[in-house]
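Participant: Just upload_34.pdb, nothing more (PDB, C-alpha atoms):
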ATOM      1  CA  ARG E 278      -5.831  84.565 -69.072  1.00  0.00           C
ATOM      2  CA  SER E 279      -8.210  84.973 -66.102  1.00  0.00           C
ATOM      3  CA  ARG E 280     -11.162  84.843 -68.486  1.00  0.00           C
ATOM      4  CA  ASP E 281      -9.988  81.546 -69.973  1.00  0.00           C
ATOM      5  CA  SER E 282      -9.266  80.101 -66.530  1.00  0.00           C
ATOM      6  CA  VAL E 283     -12.774  80.912 -65.283  1.00  0.00           C
ATOM      7  CA  ILE E 284     -14.411  79.381 -68.347  1.00  0.00           C
ATOM      8  CA  GLU E 285     -12.252  76.266 -68.099  1.00  0.00           C
ATOM      9  CA  ARG E 286     -12.997  75.742 -64.420  1.00  0.00           C
ATOM     10  CA  TYR E 287     -16.538  77.087 -63.981  1.00  0.00           C
ATOM     11  CA  GLY E 288     -18.048  77.217 -67.469  1.00  0.00           C
ATOM     12  CA  ALA E 289     -19.022  80.146 -69.650  1.00  0.00           C
ATOM     13  CA  GLY E 290     -21.528  81.598 -67.196  1.00  0.00           C
ATOM     14  CA  PRO E 291     -23.420  83.551 -66.163  1.00  0.00           C
ATOM     15  CA  HIS E 292     -21.735  82.705 -62.855  1.00  0.00           C
ATOM     16  CA  ARG E 293     -23.728  82.984 -59.649  1.00  0.00           C
ATOM     17  CA  VAL E 294     -22.808  82.564 -55.995  1.00  0.00           C
ATOM     18  CA  MET E 295     -25.252  81.847 -53.181  1.00  0.00           C
ATOM     19  CA  ILE E 296     -24.389  83.108 -49.707  1.00  0.00           C
ATOM     20  CA  GLN E 297     -26.307  81.712 -46.738  1.00  0.00           C
ATOM     21  CA  ILE E 298     -26.143  83.545 -43.429  1.00  0.00           C
ATOM     22  CA  GLU E 299     -27.124  82.596 -39.911  1.00  0.00           C
ATOM     23  CA  ILE E 300     -30.447  84.093 -38.830  1.00  0.00           C
ATOM     24  CA  PRO E 301     -32.256  83.317 -35.560  1.00  0.00           C
ATOM     25  CA  GLU E 302     -34.931  80.669 -36.091  1.00  0.00           C
ATOM     26  CA  ASP E 303     -37.763  82.902 -34.951  1.00  0.00           C
ATOM     27  CA  GLU E 304     -36.893  85.533 -37.547  1.00  0.00           C
ATOM     28  CA  ILE E 305     -36.817  83.281 -40.588  1.00  0.00           C
ATOM     29  CA  ASN E 306     -39.671  83.987 -42.970  1.00  0.00           C
ATOM     30  CA  VAL E 307     -40.083  81.364 -45.661  1.00  0.00           C
ATOM     31  CA  ALA E 308     -42.065  83.747 -47.867  1.00  0.00           C
ATOM     32  CA  SER E 309     -39.952  85.025 -50.754  1.00  0.00           C
ATOM     33  CA  ILE E 310     -39.578  88.710 -51.448  1.00  0.00           C
ATOM     34  CA  ASP E 311     -41.757  88.145 -54.506  1.00  0.00           C
ATOM     35  CA  SER E 312     -43.617  85.175 -55.894  1.00  0.00           C
ATOM     36  CA  GLN E 313     -41.082  84.580 -58.670  1.00  0.00           C
ATOM     37  CA  GLU E 314     -38.210  83.792 -56.332  1.00  0.00           C
ATOM     38  CA  ALA E 315     -37.498  80.166 -55.520  1.00  0.00           C
ATOM     39  CA  ASN E 316     -37.573  78.936 -51.933  1.00  0.00           C
ATOM     40  CA  ALA E 317     -33.775  78.875 -51.886  1.00  0.00           C
ATOM     41  CA  HIS E 318     -33.852  82.660 -52.130  1.00  0.00           C
ATOM     42  CA  ASP E 319     -35.751  83.164 -48.879  1.00  0.00           C
ATOM     43  CA  LEU E 320     -34.588  85.182 -45.902  1.00  0.00           C
ATOM     44  CA  GLY E 321     -31.064  84.132 -45.024  1.00  0.00           C
ATOM     45  CA  THR E 322     -29.824  83.798 -48.609  1.00  0.00           C
ATOM     46  CA  ILE E 323     -28.188  86.245 -51.023  1.00  0.00           C
ATOM     47  CA  VAL E 324     -27.513  85.398 -54.669  1.00  0.00           C
ATOM     48  CA  ILE E 325     -24.813  87.338 -56.520  1.00  0.00           C
ATOM     49  CA  GLU E 326     -24.353  87.260 -60.279  1.00  0.00           C
ATOM     50  CA  MET E 327     -20.840  87.946 -61.501  1.00  0.00           C
ATOM     51  CA  ALA E 328     -19.927  90.741 -63.906  1.00  0.00           C
ATOM     52  CA  SER E 329     -19.068  89.843 -67.479  1.00  0.00           C
ATOM     53  CA  LEU E 330     -15.663  88.234 -67.901  1.00  0.00           C
ATOM     54  CA  ASP E 331     -15.036  90.835 -70.595  1.00  0.00           C
ATOM     55  CA  LEU E 332     -15.153  93.542 -67.896  1.00  0.00           C
ATOM     56  CA  MET E 333     -13.792  92.085 -64.639  1.00  0.00           C
ATOM     57  CA  PRO E 334     -12.099  88.751 -65.391  1.00  0.00           C
ATOM     58  CA  HIS E 335      -9.393  88.801 -62.711  1.00  0.00           C
ATOM     59  CA  THR E 336     -11.570  89.824 -59.765  1.00  0.00           C
ATOM     60  CA  VAL E 337     -14.343  87.435 -60.770  1.00  0.00           C
ATOM     61  CA  GLN E 338     -11.770  84.641 -60.897  1.00  0.00           C
ATOM     62  CA  VAL E 339     -10.430  85.508 -57.446  1.00  0.00           C
ATOM     63  CA  PHE E 340     -13.905  85.550 -55.886  1.00  0.00           C
ATOM     64  CA  LEU E 341     -15.057  82.338 -57.577  1.00  0.00           C
ATOM     65  CA  ASP E 342     -11.834  80.617 -56.509  1.00  0.00           C
ATOM     66  CA  GLN E 343     -12.371  81.835 -52.937  1.00  0.00           C
ATOM     67  CA  VAL E 344     -15.894  80.441 -52.945  1.00  0.00           C
ATOM     68  CA  HIS E 345     -14.802  77.184 -54.563  1.00  0.00           C
ATOM     69  CA  GLU E 346     -12.200  76.716 -51.811  1.00  0.00           C
ATOM     70  CA  GLY E 347     -14.793  77.390 -49.097  1.00  0.00           C
ATOM     71  CA  LEU E 348     -12.959  80.458 -47.809  1.00  0.00           C
ATOM     72  CA  TRP E 349     -16.070  82.518 -47.079  1.00  0.00           C
ATOM     73  CA  ASN E 350     -17.651  79.790 -44.956  1.00  0.00           C
ATOM     74  CA  GLU E 351     -17.734  80.926 -41.297  1.00  0.00           C
ATOM     75  CA  CYS E 352     -16.673  84.468 -42.149  1.00  0.00           C
ATOM     76  CA  SER E 353     -18.943  87.240 -40.868  1.00  0.00           C
ATOM     77  CA  PHE E 354     -20.837  90.319 -41.882  1.00  0.00           C
ATOM     78  CA  TYR E 355     -19.491  92.830 -39.404  1.00  0.00           C
ATOM     79  CA  ARG E 356     -20.301  96.329 -40.684  1.00  0.00           C
ATOM     80  CA  ASN E 357     -23.656  97.940 -41.388  1.00  0.00           C
ATOM     81  CA  ALA E 358     -23.002 101.491 -42.560  1.00  0.00           C
ATOM     82  CA  TYR E 359     -25.617 103.669 -44.232  1.00  0.00           C
ATOM     83  CA  HIS E 360     -24.045 102.993 -47.625  1.00  0.00           C
ATOM     84  CA  VAL E 361     -22.547  99.482 -47.424  1.00  0.00           C
ATOM     85  CA  LEU E 362     -22.664  96.081 -45.782  1.00  0.00           C
ATOM     86  CA  GLN E 363     -19.268  94.463 -45.302  1.00  0.00           C
ATOM     87  CA  ALA E 364     -18.105  90.935 -44.540  1.00  0.00           C
ATOM     88  CA  THR E 365     -14.626  89.584 -43.841  1.00  0.00           C
ATOM     89  CA  HIS E 366     -12.639  86.663 -42.465  1.00  0.00           C
ATOM     90  CA  LYS E 367     -11.023  89.009 -39.958  1.00  0.00           C
ATOM     91  CA  LYS E 368     -13.988  88.945 -37.574  1.00  0.00           C
ATOM     92  CA  GLY E 369     -14.346  85.186 -37.366  1.00  0.00           C
ATOM     93  CA  PRO E 370     -12.433  82.380 -35.629  1.00  0.00           C
ATOM     94  CA  ALA E 371      -8.640  82.418 -35.935  1.00  0.00           C
ATOM     95  CA  ASN E 372      -8.634  79.251 -38.033  1.00  0.00           C
ATOM     96  CA  VAL E 373     -10.914  80.946 -40.592  1.00  0.00           C
ATOM     97  CA  THR E 374      -8.484  83.828 -40.977  1.00  0.00           C
ATOM     98  CA  LYS E 375      -5.534  81.424 -41.209  1.00  0.00           C
ATOM     99  CA  ARG E 376      -7.301  79.405 -43.898  1.00  0.00           C
ATOM    100  CA  PHE E 377      -8.019  82.572 -45.870  1.00  0.00           C
ATOM    101  CA  LEU E 378      -4.475  83.905 -45.628  1.00  0.00           C
ATOM    102  CA  ASP E 379      -2.826  80.549 -46.337  1.00  0.00           C
ATOM    103  CA  SER E 380      -4.877  80.140 -49.522  1.00  0.00           C
ATOM    104  CA  GLY E 381      -3.004  82.790 -51.465  1.00  0.00           C
ATOM    105  CA  LEU E 382      -6.380  84.244 -52.450  1.00  0.00           C
ATOM    106  CA  ALA E 383      -6.716  86.980 -49.830  1.00  0.00           C
ATOM    107  CA  ASN E 384      -5.707  89.672 -52.302  1.00  0.00           C
ATOM    108  CA  THR E 385      -6.139  90.443 -55.958  1.00  0.00           C
ATOM    109  CA  LYS E 386      -2.951  90.683 -57.984  1.00  0.00           C
ATOM    110  CA  PHE E 387      -3.822  94.167 -59.235  1.00  0.00           C
ATOM    111  CA  GLN E 388      -6.530  96.778 -58.811  1.00  0.00           C
ATOM    112  CA  GLU E 389      -9.108  95.967 -61.480  1.00  0.00           C
ATOM    113  CA  TYR E 390     -11.932  98.412 -62.200  1.00  0.00           C
ATOM    114  CA  SER E 391     -14.356  98.888 -65.085  1.00  0.00           C
ATOM    115  CA  PRO E 392     -16.354 102.114 -65.600  1.00  0.00           C
ATOM    116  CA  GLU E 393     -18.932  99.891 -67.269  1.00  0.00           C
ATOM    117  CA  PHE E 394     -19.568  98.109 -63.954  1.00  0.00           C
ATOM    118  CA  PRO E 395     -19.665 100.828 -61.273  1.00  0.00           C
ATOM    119  CA  HIS E 396     -20.647 100.603 -57.608  1.00  0.00           C
ATOM    120  CA  VAL E 397     -24.373 101.172 -58.035  1.00  0.00           C
ATOM    121  CA  LYS E 398     -27.017 100.077 -55.520  1.00  0.00           C
ATOM    122  CA  TYR E 399     -26.944  96.313 -54.881  1.00  0.00           C
ATOM    123  CA  SER E 400     -23.637  95.859 -56.658  1.00  0.00           C
ATOM    124  CA  VAL E 401     -20.911  93.829 -54.951  1.00  0.00           C
ATOM    125  CA  GLY E 402     -17.202  94.539 -54.717  1.00  0.00           C
ATOM    126  CA  PHE E 403     -14.040  94.224 -52.678  1.00  0.00           C
ATOM    127  CA  GLY E 404     -13.139  97.052 -50.291  1.00  0.00           C
ATOM    128  CA  GLY E 405      -9.607  98.435 -50.319  1.00  0.00           C
ATOM    129  CA  MET E 406      -6.608  98.396 -52.601  1.00  0.00           C
ATOM    130  CA  ASN E 407      -5.620  95.042 -54.153  1.00  0.00           C
ATOM    131  CA  ALA E 408      -7.943  93.565 -51.595  1.00  0.00           C
ATOM    132  CA  GLY E 409      -9.927  90.365 -51.653  1.00  0.00           C
ATOM    133  CA  SER E 410     -10.807  89.897 -48.014  1.00  0.00           C
ATOM    134  CA  ILE E 411     -13.497  92.542 -47.463  1.00  0.00           C
ATOM    135  CA  LEU E 412     -16.710  91.768 -49.334  1.00  0.00           C
ATOM    136  CA  MET E 413     -18.846  94.848 -49.851  1.00  0.00           C
ATOM    137  CA  ILE E 414     -22.519  95.094 -50.813  1.00  0.00           C
ATOM    138  CA  ASN E 415     -23.515  98.595 -51.874  1.00  0.00           C
ATOM    139  CA  LYS E 416     -26.765  99.706 -50.225  1.00  0.00           C
ATOM    140  CA  VAL E 417     -26.871 102.932 -52.228  1.00  0.00           C
ATOM    141  CA  ASP E 418     -25.234 104.250 -55.387  1.00  0.00           C
ATOM    142  CA  ASN E 419     -21.562 104.469 -54.411  1.00  0.00           C
ATOM    143  CA  SER E 420     -20.223 105.095 -57.906  1.00  0.00           C
ATOM    144  CA  HIS E 421     -18.360 108.188 -56.747  1.00  0.00           C
ATOM    145  CA  VAL E 422     -17.330 107.053 -53.250  1.00  0.00           C
ATOM    146  CA  HIS E 423     -15.839 103.739 -54.381  1.00  0.00           C
ATOM    147  CA  GLY E 424     -15.058 104.658 -57.987  1.00  0.00           C
ATOM    148  CA  PRO E 425     -11.871 106.312 -59.303  1.00  0.00           C
ATOM    149  CA  GLY E 426     -10.655 109.019 -56.925  1.00  0.00           C
ATOM    150  CA  GLY E 427     -13.299 108.251 -54.315  1.00  0.00           C
ATOM    151  CA  GLN E 428     -10.867 106.761 -51.813  1.00  0.00           C
ATOM    152  CA  ARG E 429      -7.922 109.059 -52.497  1.00  0.00           C
ATOM    153  CA  ASP E 430      -7.844 110.316 -48.899  1.00  0.00           C
ATOM    154  CA  SER E 431      -7.874 106.759 -47.541  1.00  0.00           C
ATOM    155  CA  PHE E 432      -5.414 105.038 -49.872  1.00  0.00           C
ATOM    156  CA  GLY E 433      -3.545 107.853 -51.607  1.00  0.00           C
ATOM    157  CA  VAL E 434      -4.371 106.565 -55.095  1.00  0.00           C
ATOM    158  CA  ASP E 435      -7.102 107.289 -57.610  1.00  0.00           C
ATOM    159  CA  ASP E 436      -7.893 103.696 -58.573  1.00  0.00           C
ATOM    160  CA  GLY E 437     -11.499 102.592 -58.173  1.00  0.00           C
ATOM    161  CA  GLU E 438     -12.224  99.649 -55.904  1.00  0.00           C
ATOM    162  CA  PRO E 439     -13.164  96.490 -57.807  1.00  0.00           C
ATOM    163  CA  CYS E 440     -16.873  95.940 -58.433  1.00  0.00           C
ATOM    164  CA  PHE E 441     -17.514  92.467 -59.778  1.00  0.00           C
ATOM    165  CA  GLY E 442     -21.099  91.389 -59.129  1.00  0.00           C
ATOM    166  CA  LYS E 443     -24.691  92.341 -58.469  1.00  0.00           C
ATOM    167  CA  VAL E 444     -27.318  90.968 -56.111  1.00  0.00           C
ATOM    168  CA  VAL E 445     -30.081  89.262 -58.081  1.00  0.00           C
ATOM    169  CA  ALA E 446     -31.998  87.617 -55.223  1.00  0.00           C
ATOM    170  CA  GLY E 447     -32.204  87.854 -51.456  1.00  0.00           C
ATOM    171  CA  PHE E 448     -33.044  91.540 -51.158  1.00  0.00           C
ATOM    172  CA  ASN E 449     -35.038  90.734 -48.024  1.00  0.00           C
ATOM    173  CA  THR E 450     -31.831  89.355 -46.492  1.00  0.00           C
ATOM    174  CA  ILE E 451     -30.021  92.586 -47.311  1.00  0.00           C
ATOM    175  CA  GLU E 452     -32.860  94.503 -45.681  1.00  0.00           C
ATOM    176  CA  TRP E 453     -32.577  92.301 -42.573  1.00  0.00           C
ATOM    177  CA  LEU E 454     -28.815  92.865 -42.391  1.00  0.00           C
ATOM    178  CA  SER E 455     -29.395  96.600 -42.836  1.00  0.00           C
ATOM    179  CA  GLN E 456     -31.547  96.633 -39.709  1.00  0.00           C
ATOM    180  CA  THR E 457     -28.980  94.972 -37.447  1.00  0.00           C
ATOM    181  CA  PRO E 458     -28.028  97.262 -34.521  1.00  0.00           C
ATOM    182  CA  THR E 459     -24.648  98.967 -34.677  1.00  0.00           C
ATOM    183  CA  SER E 460     -22.359 101.057 -32.511  1.00  0.00           C
ATOM    184  CA  ASN E 461     -18.890 102.529 -32.811  1.00  0.00           C
ATOM    185  CA  GLU E 462     -17.419 100.635 -29.854  1.00  0.00           C
ATOM    186  CA  LYS E 463     -15.643  98.014 -31.984  1.00  0.00           C
ATOM    187  CA  GLY E 464     -15.245 100.201 -35.058  1.00  0.00           C
ATOM    188  CA  PRO E 465     -17.201 102.604 -37.279  1.00  0.00           C
ATOM    189  CA  ASP E 466     -20.724 101.241 -37.860  1.00  0.00           C
ATOM    190  CA  TYR E 467     -19.739  97.779 -36.611  1.00  0.00           C
ATOM    191  CA  MET E 468     -22.622  95.451 -35.815  1.00  0.00           C
ATOM    192  CA  ASP E 469     -23.259  94.759 -32.156  1.00  0.00           C
ATOM    193  CA  ASN E 470     -23.436  91.079 -33.065  1.00  0.00           C
ATOM    194  CA  TYR E 471     -21.630  89.886 -36.167  1.00  0.00           C
ATOM    195  CA  VAL E 472     -23.644  87.718 -38.568  1.00  0.00           C
ATOM    196  CA  LYS E 473     -21.994  84.444 -39.569  1.00  0.00           C
ATOM    197  CA  ILE E 474     -21.818  83.304 -43.169  1.00  0.00           C
ATOM    198  CA  LEU E 475     -22.818  79.651 -43.021  1.00  0.00           C
ATOM    199  CA  SER E 476     -21.781  78.913 -46.580  1.00  0.00           C
ATOM    200  CA  ALA E 477     -20.991  80.423 -49.952  1.00  0.00           C
ATOM    201  CA  SER E 478     -21.306  78.223 -53.010  1.00  0.00           C
ATOM    202  CA  ILE E 479     -21.273  78.481 -56.793  1.00  0.00           C
ATOM    203  CA  ILE E 480     -24.696  77.645 -58.213  1.00  0.00           C
TER     204      ILE E 480
END
Represent the supplied structure as structure tokens.
Facilitator:
Amino acid sequence: RSRDSVIERYGAGPHRVMIQIEIPEDEINVASIDSQEANAHDLGTIVIEMASLDLMPHTVQVFLDQVHEGLWNECSFYRNAYHVLQATHKKGPANVTKRFLDSGLANTKFQEYSPEFPHVKYSVGFGGMNAGSILMINKVDNSHVHGPGGQRDSFGVDDGEPCFGKVVAGFNTIEWLSQTPTSNEKGPDYMDNYVKILSASII
């Protein structure tokens, strides 16, 4: 059902989402990470390609619907750990969180996971159980940590966290985010200054 809904609303795919983040003007470098990337993939932009609808139909639908409704606009990247970057609505303005929660799209309906689409380096998933409000970019291979049994101590279940996409452009932006200073004053590996998501759009 999710597969059919995605195809009906967004086409057969492949489905891609572009995330644009706020970077200080003096740090923007218009040179692409390699000569084959278009200008739209310069520093400040991340492009995520969705997993096959045969593998992760429900989670892909939830994320695409979130993006379509503009829910990730004005959210923030807030955590820069050695293994992941994380973004959420919870660290932005109150109206952003309200919009997210009122949408009915803040959570997945069930914990979807495919062993054929694990949490390898540069893959993208949701953090938590039945969660849809913490976006997670894997900086290293987290197949074990975020796969089945990896979060047993945290959540008390063996289900893997949903992994539904992979970064296909904007690796220089991920590198920039990975260099943002952190401390543990606000939380574990929280950025000193959160980085706003200006927009997320289906391309």
Participant: Which residues come within 6 Å of stretch 379-391 of chain E, counting all atoms listed in the file, excluding same-chain residues fewer than 4 positions away, as a CSV table (one decimal) with C-alpha atoms, in the coordinates of the input?
Facilitator:
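Saved the output as out31.csv:
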chain,number,residue,atom,x,y,z
E,375,LYS,CA,-5.5,81.4,-41.2
E,407,ASN,CA,-5.6,95.0,-54.2
E,408,ALA,CA,-7.9,93.6,-51.6
E,409,GLY,CA,-9.9,90.4,-51.7
E,410,SER,CA,-10.8,89.9,-48.0
E,437,GLY,CA,-11.5,102.6,-58.2
E,439,PRO,CA,-13.2,96.5,-57.8
Participant: Evaluating the PyMOL selection byres ((chain E and resi 443-458) around 7) on the displayed file yields which residues, as a list in words?
Facilitator: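 Applied to this file, the PyMOL selection byres ((chain E and resi 443-458) around 7) selects Ile310, His318, Asp319, Leu320, Gly321, Thr322, Ile323, Val324, Ile325, Glu326, Met327, Asn357, Tyr399, Ser400, Val401, Gly442, Thr459, Met468 and Asp469 of chain E.
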Participant: List the neighbours of stretch 352-356 of chain E out to 8 Å using only C-alpha atoms; skip same-chain residues closer than 4 positions along the sequence, and give me the result as a ChimeraX atom specification.
Facilitator: /E:348,361-369,373,459,465-468,470-475
Participant: Pull out every residue that the PyMOL selection byres ((chain E and resi 328-345) around 6) matches in the shown coordinates and put them as a list in words.
Facilitator: Ser279, Arg280, Val283, Met327, Glu346, Gly347, Leu348, Phe441, Gly442, Ala477 and Ser478 of chain E
Participant: Work out how far atom CA of E:His292 is from atom CA of E:Ile479, in Å to one decimal.
Facilitator: 7.4 Å
Participant: Exactly which residues make up the result of the PyMOL selection byres ((chain E and resi 395-397) around 8) on this file, given as an mmCIF file with C-alpha atoms, keeping the file's coordinate frame?
Facilitator:
data_model
loop_
_atom_site.group_PDB
_atom_site.id
_atom_site.type_symbol
_atom_site.label_atom_id
_atom_site.label_comp_id
_atom_site.auth_asym_id
_atom_site.auth_seq_id
_atom_site.Cartn_x
_atom_site.Cartn_y
_atom_site.Cartn_z
ATOM 1 C CA SER E 391 -14.356 98.888 -65.085
ATOM 2 C CA PRO E 392 -16.354 102.114 -65.600
ATOM 3 C CA GLU E 393 -18.932 99.891 -67.269
ATOM 4 C CA PHE E 394 -19.568 98.109 -63.954
ATOM 5 C CA LYS E 398 -27.017 100.077 -55.520
ATOM 6 C CA TYR E 399 -26.944 96.313 -54.881
ATOM 7 C CA SER E 400 -23.637 95.859 -56.658
ATOM 8 C CA VAL E 401 -20.911 93.829 -54.951
ATOM 9 C CA GLY E 402 -17.202 94.539 -54.717
ATOM 10 C CA ASN E 415 -23.515 98.595 -51.874
ATOM 11 C CA VAL E 417 -26.871 102.932 -52.228
ATOM 12 C CA ASP E 418 -25.234 104.250 -55.387
ATOM 13 C CA ASN E 419 -21.562 104.469 -54.411
ATOM 14 C CA SER E 420 -20.223 105.095 -57.906
ATOM 15 C CA HIS E 421 -18.360 108.188 -56.747
ATOM 16 C CA HIS E 423 -15.839 103.739 -54.381
ATOM 17 C CA GLY E 424 -15.058 104.658 -57.987
ATOM 18 C CA CYS E 440 -16.873 95.940 -58.433
#
